[in-house]
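**Student:** Attaching a single structure in structure tokens format; questions to follow.
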Amino acid sequence: MSKQRTMAVLTEINETSERAAFGSIHHFCEELAAYARKRGLFFYVSSPALYLEGVGYQWTESGWGKRDVPPADVVYNRLHSRKLERSPLFAELLARLAEENGMMFNHRFLHKWEVHCHFERHEYLHPHLPKTALWSGQHTLEAFLDAFPSVFLKPIYGSQGRGIFCLQHSDDGICLRHSTSASTAVYRSMDALASALRQQIRTPMIIQQGLELRTLDGRPVDFRLLCHRVRHHDWRVTSAVARIAPPGQFVANLARGGELMAVNDVLRKWYTRVDAFQQKQLLREIALESAAVLASEAEGLYGEFGVDLAIDIHGQPWIIEVNTKPSKQTDMAASYQSVRPSAKAIIDYSLTLMEEKE
Amino acid sequence: MTYTLIIDEKQTNTVILPATLQTSRQTSAAFGSLVTPCRVISSPRLVDRVIVSHDVARCLSIPFAADVHVFLTDEAVHFGPLVGILTAGFTKSLHRPVGSRSFFFAKLLAQEKQVGGFAFLFGAPHIDWENGMTNGYFYTERGWERHTVPLPNVVYNRLPNRRVEKEETFQTMTKTLQTTYGIPIFNGCFFNKWDIYRRLALHPKAQPYLPATSAHVTQHTIEQFLARYREAYIKPADGSLGRGIYHVAKKNAYECRFRDESGEIQTVLFPTAMAVWHHLLAHAPLHRYVIQQAVPLLAVNGRPADFRVHVNKNEHGIWQVSAIAAKIAGKQSITTHMNSGGIVKTLEEIFPDAAEREIMLARLSDAALTLSRCLDEASETLIGEIGFDLGVDQQGRIWMFEANSKPGRSIFKHPKLKDADERTARLPLAYAVHLSKTAITEPEALWPC
């Protein structure tokens, strides 16, 4: 009898005397546990501190129970705090995993600028890659505003559409909007705009070419494709949805009040049946190429990416961003099935990793 | 070396070259199959640029400014090369011109920047025979673009399968391009296993690598192969991806293993070779099959392994090894093909010992290069790349199981083979430059009488 295969989810755990909560992925962990059991895996949820003590939470009929657990063969990293991933505690955990011959995916959070640099090395992706630079003040601002009708500034560590600036040429000057505060201001001179931005920008940002996106009722649309790794370094699209920005907003994130639609329904509003089919395939292929490129370029192991794409008015799809800790809210099958496809994909990939090692 | 081609809007009827290019009273400029008379000037101020006036560029249908090679003949200055990649299965979508293969070709064409020249994708319906022009798909920083250009200097055949390749349209088309226009085509056709074997078997240097093979799968050969080698493979002569392969072995009875329709491995026992043969006759078109000696392969973690060795002709027209990977058979699998559970590993992964790895690398490379040269000599068509399936037996001897003229690229999904992936995409274009140069400057070397 060989050793029991073991898998752990690593996340922030909110412990009270009554119960343990796993934040936004709490329910997802239950699905993982159910499917892991079906596949004969020993499964638990832990945090970096608990993992180092050999403690985790196991799912039982009566809920999540705390207990001593064996080291995991594969760890699924769902830590949400970037800070925690940079802490000595996390480094200690990585060292422990290496010692015990364990594997971990996703290796760590990849910020927007490193993702862009990885993509940029691959020329064939350039037609789908908005021009992007690291924000370094007025000089880059002028260059981008000269080249494009609109420009975005995004925090490299940002998520859920928070803290994004949109700059647009208008008759009176340059219009500056902010995604979180929904404020709008118009600046007549580049100097005034740059100094206003300098005051508001506290974190590293990227500056990015704005795109003339296709809209629905004037609302920008983007597409979130959740990609998972399968055998042979292949990737698969596990779920795909379109997200429609709320009226008056320029980002489509659900956290900002975006609305979900099926990809097909959106494409059929824009295109003939034949063209919609081609565009749908193309979105999938770009997402899969993106996932494969990132997984091969970035250091460490990656098994899951949320790829955000959008289509411009000429029908050209663009890579907007890639999320290494994708939210599970877009996995539409959730309400009908007990285990989402993305939960199955995570467990299946973990098993593949174990098999490939044997 | 390459030069940045600049299209000049002010001058007319002129081509200006750096003084470093030894011009000799050329009186025309050429691009692909088109030639137009013009003034050719040398300028010491140009170093890595060539200037083409806009009217000349328009006459020659140069689609856009790019980095190019310059080839000189007594009469003309040739810019390019213009490399046509021939395929089939075009869609109506400009964003996805060849369906699911679009990104594969985008990656290939994106390598053009490293190599210099103009490469484009085209098919039989895109050629305008009346005007000697063709429409093609170029992959630029803006994505796919269609341009009408002259017929190319060389054609790289990437037809997707044997069926398309055999179609009348393609047969006539490739014949016309070669004989009427003198356009060399490389990777002209898919290899047939038996044909390859026959050609290589005539070559003393290739013989030691060849497992015994016969194109006659009969009761007699089955008996003979099993008596001599105990195990053999019976496989389609022009199959791919490991489909339709049978493994036969003589133990107490005659054992025949194969994958059934649902992909499950079946083992059937027969009392005699005759019974095996009857079974095969009922299930496979044996007249298109070969029987081949099975070699007891080197094992990795108890599973048999073989090697994919990719060779390409480079920018000098010389064979070079461009990628090597090991393929380890799936549990209970009869082959190392990935669709039957095989996995790809790098040599580093399976030979952690550097000295052992270097020896293996050298021996596999040596075998692949020797076989490539032999195959080249024995072939009437131009070959630019080959994917060999090589095995190493338990005594360390190297065997060639298969040579593929259009080798699959699934091994390149392995993250450690990223460089090899780009190299194998770039080299066919580099070889196309070499071939273009030969076709332009010394065509007699290409078309011996």
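Numbering starts fresh at 1 for the residues of each chain in the structure tokens, the chains themselves are lettered A, B, ... in the order given, and ligands are numbered from 1 as they appear.
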Kindly provide, as an MDAnalysis selection string, the residues of chain A having any atom no farther than 7 Å from an atom of chain B, counting only C-alpha atoms.
**Tutor:** chainID A and resid 123:124 126:127 232:233 278 282 296
**Student:** Can I get the selection written as a CSV table (one decimal), in the first residue's frame, with C-alpha atoms?
**Tutor:**
chain,number,residue,atom,x,y,z
A,123,GLU,CA,6.1,38.6,-30.3
A,124,TYR,CA,3.1,36.6,-31.6
A,126,HIS,CA,1.8,41.6,-29.5
A,127,PRO,CA,-1.3,42.2,-31.7
A,232,HIS,CA,1.2,17.4,-20.6
A,233,HIS,CA,1.4,21.1,-19.8
A,278,GLN,CA,-14.8,32.4,-34.7
A,282,LEU,CA,-10.3,33.1,-30.7
A,296,SER,CA,6.4,28.7,-18.8
**Student:** With DSSP run on the backbone, what are the helix (DSSP H, G or I) residues within region 201-271 of chain A? I'd like them as a VMD selection string.
**Tutor:** chain A and resid 231 to 233 254 to 256 263 to 270
**Student:** Next, the residues of the selection above should be written as an mmCIF file, in the first residue's frame with N, CA and C atoms.
**Tutor:**
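Output (selection34.cif):
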data_model
loop_
_atom_site.group_PDB
_atom_site.id
_atom_site.type_symbol
_atom_site.label_atom_id
_atom_site.label_comp_id
_atom_site.auth_asym_id
_atom_site.auth_seq_id
_atom_site.Cartn_x
_atom_site.Cartn_y
_atom_site.Cartn_z
ATOM 1 N N ARG A 231 -3.145 17.582 -18.151
ATOM 2 C CA ARG A 231 -1.933 16.794 -18.443
ATOM 3 C C ARG A 231 -1.037 17.443 -19.488
ATOM 4 N N HIS A 232 0.213 17.027 -19.509
ATOM 5 C CA HIS A 232 1.156 17.410 -20.569
ATOM 6 C C HIS A 232 1.303 18.908 -20.735
ATOM 7 N N HIS A 233 1.189 19.664 -19.684
ATOM 8 C CA HIS A 233 1.360 21.109 -19.782
ATOM 9 C C HIS A 233 0.316 21.738 -20.700
ATOM 10 N N LEU A 254 -17.050 42.562 -11.240
ATOM 11 C CA LEU A 254 -18.272 42.302 -10.476
ATOM 12 C C LEU A 254 -18.262 43.086 -9.185
ATOM 13 N N ALA A 255 -17.063 43.208 -8.602
ATOM 14 C CA ALA A 255 -16.947 43.934 -7.342
ATOM 15 C C ALA A 255 -17.374 45.392 -7.521
ATOM 16 N N ARG A 256 -17.318 45.881 -8.750
ATOM 17 C CA ARG A 256 -17.724 47.257 -9.031
ATOM 18 C C ARG A 256 -19.155 47.301 -9.558
ATOM 19 N N VAL A 263 -21.086 34.327 -22.754
ATOM 20 C CA VAL A 263 -20.222 34.835 -23.827
ATOM 21 C C VAL A 263 -20.956 34.810 -25.169
ATOM 22 N N ASN A 264 -21.612 33.691 -25.423
ATOM 23 C CA ASN A 264 -22.334 33.534 -26.690
ATOM 24 C C ASN A 264 -23.392 34.607 -26.904
ATOM 25 N N ASP A 265 -24.136 34.890 -25.831
ATOM 26 C CA ASP A 265 -25.223 35.870 -25.941
ATOM 27 C C ASP A 265 -24.674 37.235 -26.331
ATOM 28 N N VAL A 266 -23.543 37.605 -25.737
ATOM 29 C CA VAL A 266 -22.939 38.893 -26.070
ATOM 30 C C VAL A 266 -22.452 38.883 -27.515
ATOM 31 N N LEU A 267 -21.721 37.826 -27.880
ATOM 32 C CA LEU A 267 -21.149 37.769 -29.233
ATOM 33 C C LEU A 267 -22.241 37.768 -30.303
ATOM 34 N N ARG A 268 -23.355 37.100 -29.999
ATOM 35 C CA ARG A 268 -24.450 37.036 -30.980
ATOM 36 C C ARG A 268 -25.143 38.381 -31.149
ATOM 37 N N LYS A 269 -25.047 39.245 -30.126
ATOM 38 C CA LYS A 269 -25.601 40.596 -30.273
ATOM 39 C C LYS A 269 -24.741 41.422 -31.222
ATOM 40 N N TRP A 270 -23.461 41.044 -31.359
ATOM 41 C CA TRP A 270 -22.533 41.819 -32.170
ATOM 42 C C TRP A 270 -22.307 41.232 -33.553
#
**Student:** Excluding region 237-251 of chain A and any residue of its chain fewer than 2 positions from it, enumerate the residues within 6 Å of it, using only C-alpha atoms, and give them as number ranges by chain.
**Tutor:** A: 219-227, 253, 257-263, 331
**Student:** Can you list, as an MDAnalysis selection string, every residue of region 2-224 of chain A that DSSP puts in strand (DSSP E or B)?
**Tutor:** chainID A and resid 6:10 14:15 20:21 42:46 55:60 63:68 74:77 103:105 132:134 150:155 165:170 173:178 184:187 205:209 213 215:216 219:224
